[in-house]
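Novice: Got a structure for you, input_27.cif, holding mmCIF, C-alpha atoms.
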```cif
data_upload
loop_
_atom_site.label_atom_id
_atom_site.label_comp_id
_atom_site.auth_asym_id
_atom_site.auth_seq_id
_atom_site.Cartn_x
_atom_site.Cartn_y
_atom_site.Cartn_z
CA MET A 24 -5.78 -25.19 10.28
CA TYR A 25 -8.15 -23.29 8.10
CA ALA A 26 -7.89 -23.97 4.37
CA GLN A 27 -10.00 -20.92 3.66
CA PHE A 28 -7.21 -18.72 4.99
CA PHE A 29 -4.50 -20.61 3.13
CA GLY A 30 -6.43 -19.69 -0.04
CA ASN A 31 -6.49 -16.03 1.06
CA TYR A 32 -2.78 -16.21 1.92
CA LEU A 33 -1.95 -17.41 -1.61
CA LEU A 34 -4.07 -14.57 -3.01
CA ARG A 35 -2.31 -11.97 -0.86
CA LYS A 36 1.06 -13.34 -2.01
CA GLN A 37 -0.25 -13.15 -5.60
CA ALA A 38 0.80 -16.77 -6.02
CA VAL A 39 -2.48 -17.70 -7.68
CA THR A 40 -5.65 -16.04 -8.97
CA ALA A 41 -9.00 -16.12 -7.14
CA GLY A 42 -10.41 -18.25 -9.98
CA GLN A 43 -7.67 -20.87 -9.58
CA VAL A 44 -8.23 -21.14 -5.83
CA ILE A 45 -12.02 -21.35 -6.14
CA GLN A 46 -11.72 -24.07 -8.79
CA ALA A 47 -9.30 -26.05 -6.62
CA MET A 48 -11.56 -25.73 -3.56
CA GLU A 49 -14.60 -26.89 -5.48
CA GLU A 50 -12.75 -29.91 -6.89
CA GLN A 51 -11.28 -31.02 -3.57
CA HIS A 52 -14.57 -30.56 -1.69
CA ILE A 53 -15.88 -33.86 -3.05
CA ARG A 54 -12.78 -35.80 -2.08
CA HIS A 55 -12.48 -34.52 1.50
CA LEU A 56 -14.11 -37.05 3.82
CA LYS A 57 -15.70 -35.62 6.93
CA LEU A 58 -14.85 -37.05 10.33
CA GLY A 59 -18.41 -38.38 10.80
CA THR A 60 -18.22 -40.30 7.53
CA LEU A 61 -14.85 -41.78 8.51
CA ALA A 62 -16.22 -42.73 11.96
CA ILE A 63 -19.18 -44.61 10.42
CA HIS A 64 -16.90 -46.33 7.91
CA ALA A 65 -14.55 -47.44 10.72
CA GLY A 66 -17.52 -48.80 12.69
CA TYR A 67 -16.83 -46.46 15.62
CA MET A 68 -20.14 -44.57 15.37
CA ASN A 69 -23.58 -45.22 13.89
CA VAL A 70 -25.61 -42.79 11.76
CA SER A 71 -27.83 -41.59 14.61
CA GLN A 72 -24.77 -40.86 16.80
CA VAL A 73 -23.22 -38.82 13.96
CA ASN A 74 -26.50 -36.95 13.48
CA ASP A 75 -26.68 -36.30 17.22
CA ILE A 76 -23.21 -34.73 17.14
CA LEU A 77 -24.07 -32.65 14.06
CA ILE A 78 -27.12 -31.27 15.91
CA ARG A 79 -25.01 -30.49 18.99
CA GLN A 80 -22.40 -28.87 16.73
CA ALA A 81 -25.04 -26.50 15.40
CA HIS A 82 -25.46 -25.17 18.94
CA GLU A 83 -21.93 -25.34 20.32
CA ASN A 84 -18.80 -23.74 18.95
CA LYS A 85 -16.83 -27.00 19.16
CA ARG A 86 -15.27 -29.47 16.76
CA PHE A 87 -16.95 -32.73 15.77
CA GLY A 88 -14.26 -34.92 17.37
CA GLU A 89 -14.28 -33.03 20.64
CA LEU A 90 -18.08 -33.37 20.99
CA ALA A 91 -18.03 -37.06 19.99
CA VAL A 92 -15.44 -37.84 22.69
CA ALA A 93 -17.39 -35.81 25.28
CA ALA A 94 -20.58 -37.73 24.38
CA GLY A 95 -18.76 -41.04 24.83
CA TYR A 96 -19.19 -42.06 21.16
CA LEU A 97 -15.45 -42.01 20.44
CA THR A 98 -12.39 -42.65 22.58
CA ASN A 99 -9.39 -40.32 22.30
CA GLU A 100 -7.48 -43.13 20.57
CA GLN A 101 -10.23 -43.64 18.00
CA LEU A 102 -10.36 -39.88 17.34
CA GLU A 103 -6.61 -39.80 16.79
CA THR A 104 -6.86 -42.71 14.33
CA LEU A 105 -9.61 -40.89 12.39
CA LEU A 106 -7.72 -37.57 12.35
CA ASN A 107 -4.69 -39.35 10.92
CA GLN A 108 -6.88 -40.73 8.12
CA GLN A 109 -8.29 -37.31 7.31
CA ILE A 110 -5.97 -35.49 4.92
CA PRO A 111 -5.91 -31.78 5.85
CA ILE A 112 -8.08 -29.80 3.48
CA TYR A 113 -5.33 -27.26 2.67
CA LEU A 114 -3.08 -30.08 1.43
CA LEU A 115 -5.85 -31.26 -0.90
CA ILE A 116 -6.31 -27.72 -2.23
CA GLY A 117 -2.57 -27.34 -2.69
CA GLN A 118 -2.44 -30.66 -4.49
CA ARG A 119 -5.22 -29.54 -6.86
CA LEU A 120 -3.42 -26.25 -7.54
CA VAL A 121 -0.29 -28.20 -8.49
CA GLU A 122 -2.28 -30.65 -10.64
CA ASN A 123 -4.00 -27.72 -12.37
CA GLY A 124 -0.62 -26.16 -13.13
CA ALA A 125 -1.15 -23.07 -10.94
CA MET A 126 2.12 -23.72 -9.08
CA THR A 127 4.86 -26.32 -8.71
CA ASP A 128 5.25 -28.83 -5.87
CA ALA A 129 8.30 -26.97 -4.57
CA GLU A 130 6.43 -23.64 -4.56
CA LEU A 131 3.51 -25.21 -2.70
CA LYS A 132 5.82 -26.62 -0.04
CA GLU A 133 7.45 -23.20 0.45
CA TYR A 134 4.09 -21.43 0.72
CA ILE A 135 2.78 -23.95 3.26
CA ILE A 136 5.87 -23.50 5.45
CA SER A 137 5.76 -19.69 5.25
CA TYR A 138 1.97 -19.71 5.87
CA GLN A 139 2.47 -21.79 9.03
CA GLU A 140 5.33 -19.61 10.23
CA GLU A 141 3.65 -16.27 9.54
CA ASN A 142 0.46 -17.39 11.26
CA GLU A 143 2.20 -19.21 14.11
CA LEU A 144 0.32 -22.39 13.28
CA SER A 145 1.26 -25.75 14.67
CA GLN A 146 -0.13 -29.23 14.22
CA LEU A 147 -1.49 -29.24 17.77
CA GLU A 148 -5.19 -29.87 17.56
CA ASN A 149 -6.68 -28.89 20.90
CA ALA A 150 -9.70 -26.62 20.76
CA SER A 151 -8.32 -23.56 22.53
CA ILE A 152 -5.20 -23.53 20.32
CA GLN A 153 -7.43 -23.94 17.24
CA GLN A 154 -9.48 -20.98 18.43
CA GLU A 155 -6.35 -18.88 19.03
CA ASN A 156 -5.03 -19.88 15.60
CA LEU A 157 -8.21 -18.65 13.98
CA HIS A 158 -7.95 -15.36 15.89
CA THR A 159 -4.37 -14.95 14.59
CA LEU A 160 -5.55 -15.65 11.03
CA ILE A 161 -8.27 -13.00 11.36
CA ARG A 162 -5.82 -10.44 12.78
CA ASN A 163 -3.52 -11.11 9.82
CA LEU A 164 -6.43 -10.83 7.39
CA PHE A 165 -7.12 -7.32 8.74
CA LEU A 166 -3.46 -6.36 9.28
CA ILE A 167 -3.35 -3.73 6.53
CA THR A 168 -6.98 -2.56 6.62
CA TYR A 169 -7.67 -2.40 10.33
CA SER A 170 -4.64 -3.18 12.46
CA ASP A 171 -6.23 -2.31 15.83
CA ILE A 172 -9.27 -4.53 15.26
CA PRO A 173 -11.07 -4.95 18.63
CA ASN A 174 -11.21 -8.35 20.29
CA TYR A 175 -14.99 -8.62 20.20
CA LEU A 176 -14.89 -8.17 16.42
CA ILE A 177 -12.33 -10.96 16.14
CA LYS A 178 -14.69 -13.18 18.16
CA TYR A 179 -17.58 -12.09 15.94
CA LEU A 180 -15.72 -12.97 12.74
CA SER A 181 -14.33 -16.18 14.18
CA LEU A 182 -17.87 -17.38 14.91
CA LEU A 183 -19.02 -16.16 11.49
CA PHE A 184 -16.42 -18.30 9.70
CA ASN A 185 -17.42 -21.29 11.83
CA ASN A 186 -21.12 -20.71 11.13
CA LEU A 187 -20.46 -20.39 7.40
CA ILE A 188 -18.65 -23.75 7.52
CA ARG A 189 -21.52 -25.32 9.48
CA PHE A 190 -24.53 -23.91 7.68
CA ILE A 191 -23.36 -23.07 4.15
CA GLY A 192 -20.19 -25.04 3.46
CA GLU A 193 -16.45 -24.93 3.88
CA ASP A 194 -15.64 -24.12 0.23
CA PHE A 195 -15.18 -20.38 0.68
CA ILE A 196 -12.33 -17.91 0.64
CA PRO A 197 -12.39 -14.60 2.52
CA LEU A 198 -11.12 -11.95 0.09
CA ASN A 199 -9.23 -8.93 1.35
CA PRO A 200 -11.34 -6.61 3.57
CA THR A 201 -11.66 -2.87 2.96
CA LEU A 202 -13.02 0.08 4.92
CA CYS A 203 -15.83 2.05 3.33
CA GLN A 204 -18.40 4.69 4.21
CA GLU A 205 -21.05 3.91 1.61
CA TYR A 206 -22.38 0.70 0.14
CA ILE A 207 -25.36 0.00 -2.09
CA THR A 208 -27.04 -3.30 -1.31
CA GLU A 209 -28.68 -5.86 -3.59
CA HIS A 210 -30.37 -8.54 -1.49
CA CYS A 211 -29.42 -7.71 2.04
CA ALA A 212 -30.36 -8.23 5.69
CA GLY A 213 -29.14 -6.08 8.57
CA GLN A 214 -29.28 -6.43 12.33
CA ILE A 215 -28.31 -4.25 15.28
CA ILE A 216 -26.54 -5.61 18.36
CA ASN A 217 -26.66 -3.22 21.32
CA GLY A 218 -25.18 -3.14 24.79
CA GLU A 219 -21.72 -2.69 26.29
CA TYR A 220 -20.58 -2.38 22.70
CA SER A 221 -22.73 -2.11 19.63
CA LEU A 222 -22.38 -3.10 16.04
CA ILE A 223 -24.62 -3.32 13.00
CA SER A 224 -23.97 -6.22 10.68
CA TYR A 225 -25.22 -6.71 7.14
CA LEU A 226 -25.18 -9.69 4.81
CA ASP A 227 -25.58 -8.77 1.15
CA MET A 228 -25.48 -10.75 -2.08
CA GLY A 229 -26.75 -10.81 -5.67
CA GLU A 230 -29.91 -12.61 -6.71
CA ASP A 231 -28.35 -15.82 -8.13
CA THR A 232 -26.00 -16.06 -5.15
CA ALA A 233 -28.97 -15.63 -2.78
CA ILE A 234 -30.83 -18.52 -4.45
CA MET A 235 -27.82 -20.85 -4.01
CA PHE A 236 -27.15 -19.54 -0.49
CA ALA A 237 -30.74 -20.30 0.55
CA SER A 238 -30.63 -23.74 -1.08
CA ARG A 239 -27.54 -24.66 0.90
CA TYR A 240 -28.83 -23.08 4.12
CA THR A 241 -32.23 -24.79 4.11
CA GLY A 242 -31.29 -28.00 2.30
CA GLU A 243 -34.09 -27.32 -0.19
CA GLU A 244 -33.54 -26.58 -3.85
CA TYR A 245 -34.70 -23.10 -4.82
CA LEU A 246 -34.76 -22.20 -8.50
CA ASN A 247 -36.10 -18.65 -8.24
CA TYR A 248 -35.76 -15.75 -5.86
CA ASN A 249 -38.76 -15.79 -3.48
CA GLU A 250 -39.69 -14.88 0.10
CA TYR A 251 -38.03 -18.02 1.50
CA VAL A 252 -34.77 -17.13 -0.24
CA GLN A 253 -35.05 -13.57 1.07
CA ASP A 254 -35.76 -14.85 4.58
CA SER A 255 -32.80 -17.26 4.51
CA ILE A 256 -30.38 -14.31 4.44
CA LYS A 257 -32.16 -12.76 7.41
CA ASP A 258 -32.44 -16.07 9.26
CA PHE A 259 -28.73 -16.89 8.89
CA LEU A 260 -27.74 -13.43 10.14
CA ASN A 261 -30.20 -13.67 13.05
CA ILE A 262 -28.98 -17.12 14.12
CA HIS A 263 -25.35 -16.09 13.81
CA ASN A 264 -25.89 -12.92 15.86
CA GLY A 265 -27.94 -14.85 18.43
CA LEU A 266 -25.14 -17.41 18.87
CA PHE A 267 -22.64 -14.54 19.17
CA ASN A 268 -24.70 -13.02 22.00
CA VAL A 269 -24.84 -16.41 23.74
CA ASN A 270 -21.05 -16.85 23.44
CA ILE A 271 -20.37 -13.33 24.76
CA SER A 272 -22.79 -13.94 27.63
CA ASN A 273 -21.14 -17.27 28.52
CA GLU A 274 -17.50 -16.25 28.02
CA ASP A 275 -17.45 -12.60 29.12
CA SER A 276 -20.66 -12.33 31.21
CA ILE A 277 -21.81 -9.47 28.98
CA GLU A 278 -25.49 -9.35 28.02
CA LEU A 279 -26.08 -7.83 24.58
CA LEU A 280 -29.44 -7.07 23.03
CA LEU A 281 -30.50 -8.05 19.55
CA ASN A 282 -32.96 -6.09 17.42
CA PRO A 283 -35.11 -7.92 14.87
CA PRO A 284 -33.29 -8.32 11.52
CA THR A 285 -34.51 -6.13 8.66
CA ASP A 286 -34.54 -6.41 4.86
CA LEU A 287 -32.47 -3.81 3.05
CA GLU A 288 -32.89 -4.45 -0.67
CA ASN A 289 -31.31 -1.92 -3.05
CA THR A 290 -30.53 0.43 -0.19
CA LEU A 291 -27.67 2.85 0.39
CA ILE A 292 -25.94 2.06 3.67
CA SER A 293 -23.75 4.92 4.82
CA THR A 294 -21.77 5.89 7.88
CA THR A 295 -19.60 8.74 9.07
CA SER A 296 -17.51 6.33 11.16
CA THR A 297 -16.01 2.96 10.29
CA MET A 298 -17.64 0.29 8.14
CA ILE A 299 -15.79 -2.91 7.29
CA HIS A 300 -16.53 -4.66 4.01
CA LEU A 301 -15.43 -8.29 3.92
CA PRO A 302 -16.25 -10.19 0.70
CA ILE A 303 -16.40 -13.96 1.08
CA THR A 304 -16.31 -15.94 -2.14
CA TYR A 305 -18.01 -19.28 -2.65
CA PRO A 306 -18.01 -21.13 -5.97
CA PHE A 307 -21.66 -20.01 -6.38
CA GLY A 308 -21.00 -16.30 -5.74
CA THR A 309 -19.79 -13.71 -3.27
CA LEU A 310 -21.31 -12.91 0.13
CA ASN A 311 -20.61 -9.37 1.30
CA ILE A 312 -20.30 -8.92 5.05
CA LEU A 313 -20.53 -5.32 6.23
CA ILE A 314 -19.99 -4.32 9.83
CA LYS A 315 -20.64 -0.82 11.09
CA LEU A 316 -18.89 -0.11 14.39
CA MET B 17 -54.96 -35.20 25.19
CA LYS B 18 -54.10 -36.72 21.82
CA LEU B 19 -51.88 -34.92 19.35
CA GLU B 20 -54.58 -35.19 16.71
CA ASP B 21 -56.85 -33.04 18.88
CA THR B 22 -54.32 -30.29 19.61
CA LYS B 23 -54.10 -26.78 18.27
CA ILE B 24 -50.56 -25.42 17.99
CA LEU B 25 -49.81 -21.71 17.64
CA ILE B 26 -46.49 -20.84 16.00
CA CYS B 27 -45.13 -17.30 16.27
CA ASP B 28 -42.01 -16.15 14.44
CA ASP B 29 -41.35 -13.13 12.24
CA SER B 30 -39.32 -15.38 9.92
CA ILE B 31 -41.48 -17.06 7.29
CA LEU B 32 -38.67 -19.59 6.89
CA ALA B 33 -38.68 -20.46 10.61
CA ARG B 34 -42.48 -20.82 10.53
CA LYS B 35 -42.22 -23.14 7.54
CA GLN B 36 -39.50 -25.22 9.23
CA LEU B 37 -41.63 -25.60 12.37
CA ASN B 38 -44.68 -26.40 10.26
CA ASP B 39 -42.71 -29.06 8.34
CA ILE B 40 -41.69 -30.73 11.62
CA ILE B 41 -45.12 -30.59 13.26
CA SER B 42 -47.44 -31.34 10.29
CA PRO B 43 -46.39 -35.01 9.86
CA LEU B 44 -47.37 -35.58 13.52
CA LYS B 45 -50.97 -34.96 12.45
CA VAL B 46 -52.01 -32.30 14.92
CA ASN B 47 -55.52 -30.90 14.64
CA ARG B 48 -54.49 -27.41 13.56
CA ILE B 49 -51.43 -25.21 13.18
CA ILE B 50 -52.00 -21.46 13.44
CA GLU B 51 -49.30 -18.96 12.47
CA ALA B 52 -48.48 -15.50 13.80
CA SER B 53 -45.66 -13.24 12.63
CA ASN B 54 -45.22 -10.90 15.61
CA GLY B 55 -45.94 -10.55 19.33
CA GLN B 56 -49.18 -8.64 18.87
CA GLU B 57 -50.59 -11.18 16.41
CA VAL B 58 -49.79 -14.09 18.73
CA VAL B 59 -51.66 -12.44 21.61
CA ASP B 60 -54.68 -11.75 19.36
CA LEU B 61 -54.65 -15.29 17.94
CA TYR B 62 -54.27 -16.78 21.43
CA LYS B 63 -57.46 -14.99 22.51
CA GLU B 64 -59.28 -16.18 19.42
CA HIS B 65 -58.20 -19.86 19.32
CA SER B 66 -57.05 -20.85 22.87
CA PRO B 67 -54.30 -23.16 21.51
CA ASP B 68 -52.90 -26.08 23.52
CA LEU B 69 -49.28 -25.08 22.91
CA VAL B 70 -47.46 -21.98 21.66
CA PHE B 71 -44.01 -21.95 20.03
CA LEU B 72 -42.81 -18.37 20.44
CA ASP B 73 -39.78 -16.47 19.14
CA ILE B 74 -38.32 -13.66 21.29
CA VAL B 75 -36.71 -11.17 18.89
CA MET B 76 -39.60 -9.88 16.76
CA PRO B 77 -40.87 -6.57 15.44
CA VAL B 78 -44.03 -4.79 16.74
CA LYS B 79 -44.01 -6.66 20.07
CA ASP B 80 -41.26 -8.99 21.28
CA GLY B 81 -41.80 -12.50 22.60
CA LEU B 82 -41.20 -11.65 26.27
CA SER B 83 -43.94 -8.97 26.24
CA ALA B 84 -46.20 -11.41 24.42
CA ILE B 85 -45.73 -14.11 27.12
CA SER B 86 -46.80 -11.64 29.83
CA GLU B 87 -49.98 -10.80 27.94
CA ILE B 88 -50.74 -14.45 27.14
CA MET B 89 -50.30 -15.33 30.83
CA GLU B 90 -52.79 -12.62 31.78
CA ILE B 91 -55.31 -14.14 29.38
CA ASP B 92 -54.59 -17.72 30.45
CA PRO B 93 -52.31 -18.41 33.45
CA ASP B 94 -52.13 -22.10 32.40
CA ALA B 95 -50.89 -21.31 28.88
CA ASP B 96 -48.20 -23.70 27.64
CA VAL B 97 -45.56 -21.51 25.98
CA VAL B 98 -42.27 -22.81 24.57
CA ILE B 99 -39.68 -20.22 23.56
CA VAL B 100 -37.86 -20.89 20.28
CA SER B 101 -35.17 -18.25 19.89
CA SER B 102 -31.78 -17.56 18.36
CA VAL B 103 -30.76 -15.79 21.59
CA GLY B 104 -30.51 -18.22 24.47
CA THR B 105 -28.52 -16.34 27.10
CA GLN B 106 -28.94 -17.33 30.76
CA SER B 107 -30.63 -14.05 31.64
CA GLN B 108 -33.16 -14.33 28.82
CA LEU B 109 -33.88 -17.92 29.73
CA ARG B 110 -34.46 -16.87 33.35
CA GLN B 111 -36.67 -13.99 32.30
CA ALA B 112 -38.76 -16.17 29.98
CA ILE B 113 -39.25 -18.84 32.67
CA GLN B 114 -40.15 -16.18 35.27
CA LEU B 115 -42.77 -14.80 32.91
CA GLY B 116 -44.31 -18.26 32.53
CA ALA B 117 -42.58 -20.04 29.63
CA ARG B 118 -42.28 -23.79 30.24
CA ASP B 119 -39.43 -24.62 27.88
CA PHE B 120 -36.71 -22.96 25.83
CA ILE B 121 -35.27 -24.15 22.51
CA GLN B 122 -32.32 -22.39 20.96
CA LYS B 123 -32.28 -21.99 17.19
CA PRO B 124 -31.26 -23.41 14.75
CA LEU B 125 -34.33 -25.64 14.93
CA ASN B 126 -33.82 -29.26 15.81
CA SER B 127 -36.69 -31.55 14.83
CA CYS B 128 -35.93 -34.05 17.62
CA GLN B 129 -36.37 -31.37 20.29
CA ILE B 130 -39.68 -30.18 18.83
CA GLU B 131 -40.99 -33.74 18.50
CA SER B 132 -39.92 -34.63 22.03
CA ILE B 133 -41.70 -31.56 23.42
CA LEU B 134 -44.91 -32.54 21.62
CA LYS B 135 -44.69 -36.21 22.55
CA SER B 136 -44.00 -35.45 26.21
CA ARG B 137 -47.21 -33.43 26.39
CA PHE B 138 -49.60 -35.24 24.09
CA GLU B 139 -50.37 -38.82 23.13
CA GLY B 140 -49.81 -40.27 19.64
CA GLY B 141 -47.97 -38.73 16.73
CA GLU B 142 -46.28 -41.95 15.56
#
```
Could the structure of this file be written out as structure tokens, please?

Specialist:
Amino acid sequence: MYAQFFGNYLLRKQAVTAGQVIQAMEEQHIRHLKLGTLAIHAGYMNVSQVNDILIRQAHENKRFGELAVAAGYLTNEQLETLLNQQIPIYLLIGQRLVENGAMTDAELKEYIISYQEENELSQLENASIQQENLHTLIRNLFLITYSDIPNYLIKYLSLLFNNLIRFIGEDFIPLNPTLCQEYITEHCAGQIINGEYSLISYLDMGEDTAIMFASRYTGEEYLNYNEYVQDSIKDFLNIHNGLFNVNISNEDSIELLLNPPTDLENTLISTTSTMIHLPITYPFGTLNILIKL
Amino acid sequence: MKLEDTKILICDDSILARKQLNDIISPLKVNRIIEASNGQEVVDLYKEHSPDLVFLDIVMPVKDGLSAISEIMEIDPDADVVIVSSVGTQSQLRQAIQLGARDFIQKPLNSCQIESILKSRFEGGE
């Protein structure tokens, strides 16, 4: 289950404010133990095995546990034990919201049940169901804005959310998407994907957000906006789009072409057709995803 | 050949990717790291320096990596070119190998893969 979407669900239901959800996500982030950490603590895996899986995870759209079992580092029984120890992230967020007085225990329970029902979520954890769950969550996210969202765009966004979790962090909330025809960028990168279908994607953010984004992306601490910070936005977009092309090639046997990413600082992006604007909020600022179809 | 005697040519339009590669290779104490930011520059720098190994991106402005491999192979049919790209589809991999590339690494960069490529070709680097 994706905590990020539970946060968006609460926002759509006007149960809480964006500020309350962001605060709760930031507070719980520290307390949520990752599967790798739990595996080391239990003595099931050593540090180099965990690192090996993290490297593989950067290249494959699969969960940590699934890869660790495939590599022979964990048995299915050990994975199940670890998953039972790992409190789901949405429960931790919910707990923080209750502790912070944003809602009562009873309200939280009701929202969790209705969230699961409306998104057809179950506790089954196999990868293809997880993937289908995420697709359902994305369809619901776009239900009002763009109800006939094409499948390839769902795949694109599904991978984007996974890549954000992998490379930037899981403490984000997708805000409600809108359709627009004009957008003025701040610090932005854009890239064209061409082929059987084509799309142009942009990643835009303010200066302070870009500095924090780059620091998280590269693992280095940047204090000022510089060429490395600027390039981090481009590099993330390029790697994400490259992985999307690989997935589409592997899953659908469609070969798409990728143009080099470009910088688009303080630029007016406009279209006569459809452009989706999806803001994604992190505690350090908002990333604006724009997709021209 | 020892790592400390080798010249490595890195070509990527991303200054960040070049820095990341440089950060992985520099501690291995190679003789020299040369940087290019597009396909034309890498061809020109190959002619000038005759490096022992080239790390080459595919998606780049001015001239892409696949065109650059062809030109490098014309200059030196024994050139050792390793593709480092965000796009690693089967058809691109095939195309790169057909043109003469000897290895293919998909981004994001993984220091173990880069180190193992260097250590499999050259001595030292511990």

Novice: Decode the PyMOL selection byres ((chain B) within 9 of (chain A)) for the given file into explicit residues and return them as a ChimeraX atom specification.

Specialist: /B:29-33,35-36,75-77,80,101-107,122-124,126

Novice: With the file shown as input, list the residues that the PyMOL selection byres ((chain B and resi 54) around 10) selects, as a PyMOL selection string.

Specialist: chain B and resi 27-30+51-53+55-59+72-81+84

Novice: Which neighbours of Ala65 of chain A fall inside 10 Å, counting all atoms listed in the file, when residues of the same chain fewer than 6 positions from it are skipped, and could you give them as a PyMOL selection string?

Specialist: chain A and resi 59+101+104-105

Novice: Considering all atoms listed in the file, can you say which of B:Arg34, B:His65, B:Lys45, B:Arg118 comes closest to Glu139 of chain B?

Specialist: B:Lys45

Novice: Let me have the centre and edge lengths of the axis-aligned box enclosing all listed atoms of segment 79-97 of chain B with 8 Å padding on every side, in Å to one decimal, as lines of an AutoDock Vina configuration file.

Specialist:
```
center_x = -48.3
center_y = -15.2
center_z = 26.8
size_x = 30.1
size_y = 33.0
size_z = 29.4
```

Novice: Counting all atoms listed in the file, note down every residue that has an atom within 12 Å of the point (-39.4, -18.3, 32.2) (file coordinates), as JSON, numbers by chain.

Specialist: {"B": [74, 81, 82, 83, 85, 86, 89, 96, 97, 98, 99, 104, 106, 107, 108, 109, 110, 111, 112, 113, 114, 115, 116, 117, 118, 119, 120]}

Novice: Work out how far atom CA of Met48 of chain A is from atom CA of Gln109 of chain A, in Å to one decimal.

Specialist: 16.2 Å

Novice: Just give me the gap between atom CA of Leu19 of chain B and atom CA of Ile50 of chain B in Å, one decimal is fine.

Specialist: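 These atoms are spaced 14.7 Å apart.
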
Novice: How would segment 40-82 of chain B of the given structure read as a file with C-alpha atoms, as an mmCIF file, in the first residue's frame?

Specialist:
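File written: decode30.cif
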```
data_model
loop_
_atom_site.group_PDB
_atom_site.id
_atom_site.type_symbol
_atom_site.label_atom_id
_atom_site.label_comp_id
_atom_site.auth_asym_id
_atom_site.auth_seq_id
_atom_site.Cartn_x
_atom_site.Cartn_y
_atom_site.Cartn_z
ATOM 1 C CA ILE B 40 34.683 6.467 -8.778
ATOM 2 C CA ILE B 41 37.743 6.278 -11.040
ATOM 3 C CA SER B 42 40.074 8.859 -9.418
ATOM 4 C CA PRO B 43 40.750 6.859 -6.211
ATOM 5 C CA LEU B 44 41.972 3.979 -8.416
ATOM 6 C CA LYS B 45 44.896 6.211 -9.373
ATOM 7 C CA VAL B 46 44.723 6.066 -13.149
ATOM 8 C CA ASN B 47 47.248 8.096 -15.113
ATOM 9 C CA ARG B 48 44.754 10.560 -16.566
ATOM 10 C CA ILE B 49 41.024 11.171 -16.878
ATOM 11 C CA ILE B 50 39.885 13.211 -19.869
ATOM 12 C CA GLU B 51 36.337 14.552 -20.143
ATOM 13 C CA ALA B 52 34.110 15.190 -23.153
ATOM 14 C CA SER B 53 30.550 16.517 -23.081
ATOM 15 C CA ASN B 54 29.197 15.357 -26.460
ATOM 16 C CA GLY B 55 29.785 12.863 -29.270
ATOM 17 C CA GLN B 56 31.840 15.233 -31.400
ATOM 18 C CA GLU B 57 34.156 16.164 -28.532
ATOM 19 C CA VAL B 58 34.789 12.510 -27.663
ATOM 20 C CA VAL B 59 35.808 11.732 -31.249
ATOM 21 C CA ASP B 60 38.158 14.753 -31.325
ATOM 22 C CA LEU B 61 39.658 13.894 -27.921
ATOM 23 C CA TYR B 62 40.066 10.238 -28.928
ATOM 24 C CA LYS B 63 42.165 11.321 -31.927
ATOM 25 C CA GLU B 64 44.244 13.606 -29.749
ATOM 26 C CA HIS B 65 44.895 11.336 -26.736
ATOM 27 C CA SER B 66 44.391 7.687 -27.872
ATOM 28 C CA PRO B 67 42.908 6.659 -24.483
ATOM 29 C CA ASP B 68 42.992 3.058 -23.214
ATOM 30 C CA LEU B 69 39.293 3.029 -22.346
ATOM 31 C CA VAL B 70 36.253 5.173 -23.150
ATOM 32 C CA PHE B 71 33.102 5.448 -21.017
ATOM 33 C CA LEU B 72 30.463 6.758 -23.407
ATOM 34 C CA ASP B 73 26.873 7.933 -22.936
ATOM 35 C CA ILE B 74 24.373 7.376 -25.784
ATOM 36 C CA VAL B 75 21.771 10.151 -25.507
ATOM 37 C CA MET B 76 23.735 13.368 -26.042
ATOM 38 C CA PRO B 77 23.384 16.613 -27.976
ATOM 39 C CA VAL B 78 25.465 17.506 -31.086
ATOM 40 C CA LYS B 79 26.359 13.874 -31.848
ATOM 41 C CA ASP B 80 24.950 10.833 -30.048
ATOM 42 C CA GLY B 81 27.014 8.017 -28.575
ATOM 43 C CA LEU B 82 26.203 5.450 -31.271
#
```
